[in-house]
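Listing of start-v5.tsv; format and content: TSV, C-alpha atoms.
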chain	number	residue	atom	x	y	z
A	1	MET	CA	33.99	-37.08	-10.59
A	2	ASP	CA	36.45	-34.34	-9.62
A	3	THR	CA	34.50	-32.89	-6.71
A	4	CYS	CA	32.60	-34.40	-3.80
A	5	PRO	CA	28.91	-34.75	-4.83
A	6	VAL	CA	27.80	-33.70	-1.33
A	7	CYS	CA	30.00	-30.72	-0.41
A	8	SER	CA	31.88	-29.91	-3.68
A	9	TRP	CA	35.30	-30.44	-2.08
A	10	PRO	CA	37.87	-30.77	-4.92
A	11	PHE	CA	39.65	-34.10	-5.23
A	12	SER	CA	42.12	-32.38	-7.54
A	13	ASN	CA	44.20	-31.20	-4.58
A	14	GLY	CA	45.25	-34.84	-4.09
A	15	ASN	CA	44.89	-34.76	-0.30
A	16	PHE	CA	42.47	-37.64	0.21
A	17	LYS	CA	42.34	-41.14	1.66
A	18	LEU	CA	42.19	-43.99	-0.85
A	19	VAL	CA	41.17	-47.65	-0.35
A	20	ALA	CA	40.49	-50.54	-2.73
A	21	TYR	CA	36.93	-51.08	-3.97
A	22	PRO	CA	35.82	-54.48	-2.59
A	23	VAL	CA	34.51	-56.76	-5.31
A	24	LYS	CA	34.36	-60.54	-5.33
A	25	SER	CA	31.75	-61.89	-7.71
A	26	ARG	CA	32.95	-63.08	-11.09
A	27	GLU	CA	29.64	-61.93	-12.57
A	28	HIS	CA	30.83	-58.32	-12.53
A	29	ASP	CA	32.62	-56.91	-15.55
A	30	ARG	CA	35.96	-55.75	-14.16
A	31	ASP	CA	36.23	-53.15	-16.90
A	32	GLU	CA	33.12	-51.48	-15.49
A	33	THR	CA	33.89	-51.92	-11.80
A	34	PRO	CA	35.63	-49.12	-9.82
A	35	ASP	CA	39.20	-49.70	-8.74
A	36	SER	CA	39.12	-47.68	-5.54
A	37	ILE	CA	37.17	-45.44	-3.16
A	38	ARG	CA	38.28	-41.85	-2.57
A	39	PHE	CA	37.25	-40.01	0.58
A	40	CYS	CA	36.30	-36.35	0.70
A	41	GLY	CA	38.60	-34.28	2.89
A	42	ARG	CA	35.70	-32.10	4.11
A	43	CYS	CA	32.60	-34.25	4.76
A	44	GLY	CA	34.21	-37.70	4.64
A	45	LEU	CA	31.99	-39.17	1.90
A	46	GLY	CA	33.52	-42.11	0.04
A	47	VAL	CA	33.22	-41.95	-3.77
A	48	ALA	CA	33.85	-44.85	-6.14
A	49	SER	CA	36.68	-44.16	-8.58
A	50	PRO	CA	36.05	-44.22	-11.42
A	51	PRO	CA	32.32	-43.83	-10.67
A	52	PHE	CA	29.73	-45.91	-12.46
A	53	SER	CA	28.61	-44.27	-15.67
A	54	GLY	CA	25.04	-43.17	-16.19
A	55	GLU	CA	24.77	-45.80	-18.91
A	56	LYS	CA	25.84	-48.56	-16.52
A	57	LEU	CA	23.36	-47.44	-13.86
A	58	ASP	CA	20.56	-47.40	-16.45
A	59	GLU	CA	21.52	-50.90	-17.52
A	60	LEU	CA	21.29	-52.14	-13.94
A	61	TYR	CA	18.22	-50.30	-12.66
A	62	VAL	CA	16.17	-49.16	-15.66
A	63	GLN	CA	16.65	-52.11	-17.99
A	64	GLY	CA	16.27	-54.52	-15.08
A	65	LYS	CA	19.58	-56.36	-15.39
A	66	TYR	CA	20.32	-56.27	-11.64
A	67	TRP	CA	17.13	-58.07	-10.59
A	68	GLN	CA	16.15	-60.04	-13.67
A	69	LYS	CA	17.86	-63.22	-12.42
A	70	ARG	CA	15.91	-63.11	-9.14
A	71	GLY	CA	12.54	-63.72	-10.75
A	72	GLN	CA	9.17	-62.45	-9.53
A	73	GLU	CA	8.47	-64.92	-6.71
A	74	THR	CA	6.13	-63.44	-4.09
A	75	SER	CA	7.16	-65.65	-1.17
A	76	LEU	CA	8.97	-64.01	1.74
A	77	ARG	CA	11.33	-67.00	1.72
A	78	ILE	CA	13.08	-65.24	-1.16
A	79	PHE	CA	13.67	-61.85	0.49
A	80	PRO	CA	12.99	-62.06	4.24
A	81	VAL	CA	15.71	-59.55	5.19
A	82	PRO	CA	14.33	-56.58	3.19
A	83	PHE	CA	10.87	-57.20	4.63
A	84	GLY	CA	12.21	-57.26	8.19
A	85	LEU	CA	14.08	-54.04	7.49
A	86	ALA	CA	10.91	-52.44	6.11
A	87	GLN	CA	9.05	-53.25	9.33
A	88	THR	CA	11.72	-51.50	11.39
A	89	ARG	CA	11.82	-48.48	9.11
A	90	TRP	CA	8.06	-48.04	9.18
A	91	ARG	CA	7.94	-48.24	12.98
A	92	LEU	CA	10.42	-45.36	13.14
A	93	ILE	CA	8.37	-43.33	10.68
A	94	GLU	CA	4.91	-43.83	12.16
A	95	LYS	CA	6.06	-42.83	15.66
A	96	SER	CA	6.75	-39.32	14.35
A	97	ILE	CA	3.64	-38.82	12.24
A	98	ALA	CA	1.76	-35.89	13.74
A	99	GLN	CA	-1.72	-36.48	15.12
A	100	SER	CA	-3.08	-34.07	12.52
A	101	LYS	CA	-1.68	-36.34	9.81
A	102	ARG	CA	-3.00	-39.52	11.43
A	103	ALA	CA	-6.54	-38.20	11.12
A	104	LYS	CA	-6.39	-38.42	7.33
A	105	LYS	CA	-5.17	-40.87	4.72
A	106	VAL	CA	-1.49	-40.13	4.24
A	107	ARG	CA	0.35	-40.21	0.93
A	108	VAL	CA	3.64	-42.10	0.73
A	109	LEU	CA	6.30	-41.64	-1.95
A	110	ASP	CA	8.98	-44.33	-2.11
A	111	ILE	CA	11.90	-43.22	-4.30
A	112	GLY	CA	13.78	-46.20	-5.67
A	113	ALA	CA	11.14	-48.51	-4.18
A	114	GLY	CA	12.71	-51.82	-5.19
A	115	HIS	CA	10.69	-54.61	-3.55
A	116	GLY	CA	8.23	-52.01	-2.24
A	117	TYR	CA	8.08	-53.76	1.12
A	118	ILE	CA	7.76	-50.53	3.06
A	119	GLY	CA	4.55	-49.83	1.14
A	120	LEU	CA	3.22	-53.28	2.00
A	121	VAL	CA	4.06	-52.80	5.67
A	122	ALA	CA	2.66	-49.25	5.79
A	123	SER	CA	-0.59	-50.28	4.12
A	124	ALA	CA	-1.21	-52.77	6.94
A	125	SER	CA	-0.58	-50.22	9.72
A	126	ARG	CA	-3.19	-49.99	12.47
A	127	ASN	CA	-1.87	-46.64	13.70
A	128	VAL	CA	-1.69	-44.67	10.47
A	129	SER	CA	-4.12	-44.77	7.57
A	130	VAL	CA	-2.26	-44.91	4.26
A	131	GLY	CA	-4.40	-43.87	1.36
A	132	ARG	CA	-1.87	-43.96	-1.44
A	133	TYR	CA	1.54	-45.46	-2.12
A	134	ASP	CA	3.49	-44.12	-5.09
A	135	ALA	CA	6.67	-45.93	-6.13
A	136	VAL	CA	9.41	-44.33	-8.19
A	137	GLU	CA	10.73	-47.50	-9.79
A	138	PRO	CA	11.87	-47.73	-13.41
A	139	ASP	CA	12.91	-51.40	-13.18
A	140	PRO	CA	10.18	-53.54	-14.84
A	141	VAL	CA	11.21	-56.63	-12.85
A	142	MET	CA	10.66	-54.88	-9.52
A	143	ARG	CA	7.41	-53.34	-10.69
A	144	GLN	CA	5.98	-56.71	-11.56
A	145	TYR	CA	7.24	-58.20	-8.30
A	146	LEU	CA	5.48	-55.51	-6.26
A	147	GLN	CA	2.29	-55.72	-8.31
A	148	ASN	CA	2.18	-59.47	-7.67
A	149	LEU	CA	2.62	-58.97	-3.93
A	150	TRP	CA	0.05	-56.16	-3.77
A	151	LYS	CA	-2.51	-58.43	-5.41
A	152	ALA	CA	-1.54	-61.56	-3.44
A	153	TRP	CA	-1.79	-59.69	-0.13
A	154	GLU	CA	-5.06	-58.02	-1.17
A	155	ARG	CA	-3.99	-54.45	-0.51
A	156	LYS	CA	-6.81	-51.97	-1.14
A	157	GLN	CA	-4.77	-48.76	-1.17
A	158	ARG	CA	-3.90	-47.12	-4.45
A	159	LEU	CA	-0.60	-48.32	-5.90
A	160	SER	CA	1.01	-46.37	-8.73
A	161	PHE	CA	4.39	-46.35	-10.46
A	162	VAL	CA	6.41	-43.64	-12.13
A	163	ASP	CA	9.81	-43.88	-13.81
A	164	SER	CA	11.31	-40.78	-12.23
A	165	ILE	CA	10.81	-38.23	-9.46
A	166	GLU	CA	9.99	-35.60	-12.08
A	167	GLN	CA	6.83	-37.50	-13.01
A	168	THR	CA	5.33	-37.24	-9.51
A	169	THR	CA	2.62	-34.68	-8.77
A	170	GLY	CA	1.37	-33.09	-5.58
A	171	ASN	CA	2.86	-33.27	-2.09
A	172	TYR	CA	3.46	-36.25	0.14
A	173	ASP	CA	3.22	-36.73	3.89
A	174	ILE	CA	6.08	-39.26	3.83
A	175	VAL	CA	8.96	-39.56	1.37
A	176	VAL	CA	11.33	-42.51	1.58
A	177	LEU	CA	14.89	-42.78	0.25
A	178	SER	CA	15.87	-46.25	1.38
A	179	HIS	CA	19.09	-47.75	0.03
A	180	ILE	CA	19.10	-45.48	-3.00
A	181	LEU	CA	21.61	-42.72	-2.17
A	182	GLU	CA	24.58	-45.12	-2.16
A	183	HIS	CA	23.83	-45.94	-5.81
A	184	ALA	CA	23.43	-42.33	-6.93
A	185	ARG	CA	25.75	-40.07	-8.86
A	186	ASP	CA	24.07	-36.93	-7.48
A	187	PRO	CA	22.74	-37.53	-3.93
A	188	LEU	CA	22.18	-33.82	-3.34
A	189	TYR	CA	19.74	-33.68	-6.26
A	190	LEU	CA	17.82	-36.67	-4.91
A	191	VAL	CA	17.49	-35.18	-1.43
A	192	LYS	CA	16.49	-31.77	-2.80
A	193	SER	CA	13.86	-33.42	-5.02
A	194	ALA	CA	12.53	-35.42	-2.08
A	195	VAL	CA	12.26	-32.34	0.14
A	196	ALA	CA	10.49	-30.41	-2.63
A	197	ARG	CA	7.74	-33.05	-2.67
A	198	LEU	CA	7.10	-33.02	1.06
A	199	SER	CA	3.97	-31.43	2.45
A	200	THR	CA	4.27	-28.96	5.33
A	201	LYS	CA	5.78	-30.84	8.29
A	202	GLY	CA	6.08	-33.90	6.05
A	203	LEU	CA	8.60	-36.61	6.95
A	204	LEU	CA	11.68	-37.68	5.02
A	205	PHE	CA	13.18	-41.07	5.87
A	206	ILE	CA	16.64	-42.09	4.67
A	207	ASP	CA	18.46	-45.38	5.10
A	208	VAL	CA	21.96	-46.11	3.73
A	209	PRO	CA	24.71	-48.65	4.49
A	210	ASN	CA	27.24	-47.49	7.05
A	211	GLN	CA	30.65	-47.55	5.31
A	212	ASP	CA	29.99	-51.07	4.03
A	213	TYR	CA	33.39	-51.26	2.32
A	214	LEU	CA	34.70	-51.97	5.85
A	215	PHE	CA	32.85	-55.25	6.26
A	216	LYS	CA	31.59	-56.53	2.91
A	217	GLU	CA	33.63	-58.56	0.47
A	218	ASP	CA	31.62	-57.17	-2.43
A	219	VAL	CA	29.99	-53.71	-2.51
A	220	PHE	CA	29.03	-53.74	-6.21
A	221	PRO	CA	27.30	-51.62	-7.48
A	222	HIS	CA	27.56	-48.97	-4.73
A	223	ASN	CA	28.78	-45.61	-5.95
A	224	LEU	CA	28.90	-43.70	-2.63
A	225	PHE	CA	29.88	-44.66	0.91
A	226	PHE	CA	28.27	-42.69	3.71
A	227	SER	CA	29.32	-42.29	7.32
A	228	LEU	CA	27.19	-40.66	10.00
A	229	PRO	CA	28.97	-37.26	9.60
A	230	SER	CA	28.71	-37.25	5.79
A	231	LEU	CA	24.98	-38.05	5.79
A	232	ARG	CA	24.36	-35.39	8.44
A	233	PHE	CA	26.35	-32.90	6.34
A	234	LEU	CA	24.09	-33.66	3.37
A	235	LEU	CA	20.86	-33.25	5.35
A	236	GLU	CA	21.92	-30.00	7.00
A	237	LYS	CA	22.14	-28.38	3.57
A	238	GLU	CA	18.34	-28.63	3.25
A	239	PRO	CA	15.43	-26.99	5.14
A	240	LEU	CA	15.01	-30.01	7.39
A	241	GLU	CA	14.69	-30.61	11.11
A	242	ILE	CA	16.59	-33.79	11.94
A	243	ILE	CA	14.35	-35.76	14.31
A	244	SER	CA	16.76	-38.66	14.68
A	245	ILE	CA	19.89	-39.99	13.03
A	246	GLY	CA	21.94	-43.00	14.11
A	247	THR	CA	23.48	-46.34	13.20
A	248	TRP	CA	21.46	-49.55	13.40
A	249	GLY	CA	22.08	-53.27	13.08
A	250	ARG	CA	24.82	-55.53	14.40
A	251	ASN	CA	28.25	-54.04	14.93
A	252	MET	CA	29.73	-54.01	11.42
A	253	TYR	CA	32.85	-55.82	12.60
A	254	LYS	CA	30.70	-58.66	13.96
A	255	SER	CA	28.15	-58.62	11.18
A	256	PRO	CA	27.42	-61.94	9.46
A	257	LEU	CA	28.63	-60.18	6.31
A	258	HIS	CA	32.10	-59.64	7.77
A	259	THR	CA	34.78	-62.22	7.06
A	260	ASN	CA	35.74	-62.15	10.75
A	261	ALA	CA	32.19	-62.60	12.07
A	262	PRO	CA	31.85	-65.04	15.01
A	263	ARG	CA	31.99	-68.61	13.71
A	264	SER	CA	28.86	-69.54	15.66
A	265	LEU	CA	26.92	-66.82	13.83
A	266	LYS	CA	28.21	-68.04	10.49
A	267	ILE	CA	27.11	-71.61	11.27
A	268	ILE	CA	23.62	-70.46	12.28
A	269	GLY	CA	23.34	-68.53	9.03
A	270	GLU	CA	24.47	-71.51	6.97
A	271	ILE	CA	21.87	-73.76	8.61
A	272	ALA	CA	19.12	-71.18	8.05
A	273	GLY	CA	20.19	-70.74	4.43
A	274	ARG	CA	19.95	-74.47	3.74
A	275	SER	CA	16.62	-74.74	5.54
A	276	GLY	CA	15.07	-71.57	4.12
A	277	ALA	CA	13.31	-73.32	1.26
A	278	PHE	CA	11.32	-75.39	3.78
A	279	LEU	CA	10.59	-72.73	6.40
A	280	PRO	CA	7.64	-70.28	6.34
A	281	GLY	CA	8.21	-66.58	5.81
A	282	LYS	CA	6.58	-65.88	9.18
A	283	PHE	CA	9.57	-67.60	10.77
A	284	LEU	CA	12.31	-66.34	8.43
A	285	VAL	CA	11.46	-62.63	8.74
A	286	PRO	CA	11.90	-62.40	12.55
A	287	PHE	CA	14.84	-64.81	12.43
A	288	TYR	CA	16.81	-62.67	10.01
A	289	ALA	CA	15.74	-59.53	11.87
A	290	TRP	CA	17.55	-61.01	14.89
A	291	TYR	CA	20.41	-62.38	12.80
A	292	PHE	CA	21.30	-58.97	11.35
A	293	GLY	CA	20.13	-56.97	14.37
A	294	VAL	CA	17.78	-54.82	12.32
A	295	ASN	CA	15.88	-53.55	15.40
A	296	SER	CA	18.89	-52.60	17.53
A	297	MET	CA	21.18	-49.58	17.57
A	298	ASP	CA	24.98	-49.78	17.72
A	299	THR	CA	27.62	-47.07	17.38
A	300	ASN	CA	29.19	-49.15	14.59
A	301	GLY	CA	25.93	-50.50	13.20
A	302	THR	CA	25.61	-51.68	9.63
A	303	TRP	CA	23.02	-49.07	8.56
A	304	ILE	CA	22.53	-45.33	9.01
A	305	ARG	CA	18.91	-44.21	9.42
A	306	ALA	CA	17.76	-40.61	9.46
A	307	LEU	CA	14.27	-39.23	10.00
A	308	CYS	CA	13.67	-35.57	9.22
A	309	ARG	CA	10.75	-33.15	9.14
A	310	ARG	CA	10.39	-30.40	6.60
A	311	LYS	CA	10.65	-27.00	8.26
Translate the structure described by the file into structure tokens.
Amino acid sequence: MDTCPVCSWPFSNGNFKLVAYPVKSREHDRDETPDSIRFCGRCGLGVASPPFSGEKLDELYVQGKYWQKRGQETSLRIFPVPFGLAQTRWRLIEKSIAQSKRAKKVRVLDIGAGHGYIGLVASASRNVSVGRYDAVEPDPVMRQYLQNLWKAWERKQRLSFVDSIEQTTGNYDIVVLSHILEHARDPLYLVKSAVARLSTKGLLFIDVPNQDYLFKEDVFPHNLFFSLPSLRFLLEKEPLEIISIGTWGRNMYKSPLHTNAPRSLKIIGEIAGRSGAFLPGKFLVPFYAWYFGVNSMDTNGTWIRALCRRK
């Protein structure tokens, strides 16, 4: 990748910052793991070098290799953190849904849906009526996981899957790109495609890690590393009104994921991890929401969240 995938700045001029690509797990094939992260001299985006190939990304996300070891368990004891995050994300979205939209059943498109928790949360909303939830999710493991949850939780709304954005039809009132852009080779294409599928005044929600190479020991398989300025730069290229953009979660340098996190926080996390198999999901979800600070804002927070409206 010789140019920045957001602003086309050329890396060939050699004037860029370079840091090592954090990787720890022995499960990763070192021959297919980037050596470093290069930073664009214009927008500041970090780009894995060498980037993951299209074949490797297909292996992980289309063939299901990334999630196949996790199984299809429907209990929230398995993934309480993503569910807590989905609750926070949906609260941000529904606050900005226009009254004219609330009067009808809204359509939601979740690109790179993964667990599909935001669809489960949205479908239970008392403030907004969701009539349809479409998930762009090629991974068969995640599809089955979400189908099991949808049935177990007796959701009545229409649930449908497609393999790619190109297979979607019609316009959507809400389009979600949650923790997908950091894995992409072409984030500009994804955002453009999302905007093209928005209805008039429709909402686009984006969530990405905030420079997670600074506080995680292992960032595999992230391809891109966004900061607040680089994500804003990307969004301002499109016909969007930015309603809000900011960093959320615990301060990254005090995050439980950081090697230098407070020892007391580490101990609490270790106790919760050992007890998780015996605790109900109704306890684990709010606990981990507090533990990672998913509902609080911080100038050095662990996630960047942006909510935009199509002009």
Contacts of Ala306 in chain A at 8 Å (all atoms listed in the file; same-chain gap of 3+ positions) as a PDB file with C-alpha atoms, in the frame of the given file:
ATOM      1  CA  PHE A 205      13.180 -41.070   5.870  1.00  0.00           C
ATOM      2  CA  ILE A 206      16.640 -42.090   4.670  1.00  0.00           C
ATOM      3  CA  ASP A 207      18.460 -45.380   5.100  1.00  0.00           C
ATOM      4  CA  ILE A 242      16.590 -33.790  11.940  1.00  0.00           C
ATOM      5  CA  ILE A 243      14.350 -35.760  14.310  1.00  0.00           C
ATOM      6  CA  SER A 244      16.760 -38.660  14.680  1.00  0.00           C
ATOM      7  CA  ILE A 245      19.890 -39.990  13.030  1.00  0.00           C
ATOM      8  CA  GLY A 246      21.940 -43.000  14.110  1.00  0.00           C
TER       9      GLY A 246
END
Pick out the residues sitting within 8 Å of Phe16 in chain A, and hand them over as number ranges by chain; count all atoms listed in the file, and ignore anything fewer than 5 positions along from it in its own chain. A: 11, 38-41
Shortest contact to Lys56 in chain A, candidates A:Ser275, A:Asn223, A:Asn300, A:Ser36, atoms counted all atoms listed in the file, goes to A:Asn223
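Shortest atom-to-atom contact with Lys105 in chain A among A:Glu154, A:Asp173, A:Glu270, A:Asp134: A:Asp173, counting only C-alpha atoms.
The shortest atom-to-atom distance to Leu234 in chain A, with only C-alpha atoms taken into account, belongs to A:Leu181 out of A:Leu181, A:Val121, A:Leu60, A:Val136.
Within 12 Å of Gln99 in chain A, once all atoms listed in the file are used and residues closer than 6 positions along the same chain are dropped, the contacting residues are Lys105, Val106, Asn127, Val128, Ser129 and Lys201 of chain A.
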Output C-alpha atoms of each residue in that selection to a file, as a PDB file, keeping the file's coordinate frame.
ATOM      1  CA  LYS A 105      -5.170 -40.870   4.720  1.00  0.00           C
ATOM      2  CA  VAL A 106      -1.490 -40.130   4.240  1.00  0.00           C
ATOM      3  CA  ASN A 127      -1.870 -46.640  13.700  1.00  0.00           C
ATOM      4  CA  VAL A 128      -1.690 -44.670  10.470  1.00  0.00           C
ATOM      5  CA  SER A 129      -4.120 -44.770   7.570  1.00  0.00           C
ATOM      6  CA  LYS A 201       5.780 -30.840   8.290  1.00  0.00           C
TER       7      LYS A 201
END
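Interatomic distance, CA of Val175 in chain A against CA of Leu109 in chain A: 4.7 Å.
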Interatomic distance, CA of Pro221 in chain A to CA of Asn15 in chain A (Å, one decimal) |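 Pair CA of Pro221 in chain A / CA of Asn15 in chain A returns 25.4 Å.
Closest to Arg143 in chain A among A:Lys192, A:Arg232, A:His115, A:Lys254 is A:His115, based on all atoms listed in the file.
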Query raised in the report: With distances taken over all atoms listed in the file, which of A:Phe52, A:Phe220, A:Tyr288, A:Tyr61 is nearest to Glu32 in chain A?
Result: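 Comparing A:Phe52, A:Phe220, A:Tyr288, A:Tyr61 against Glu32 in chain A, the winner is A:Phe52.
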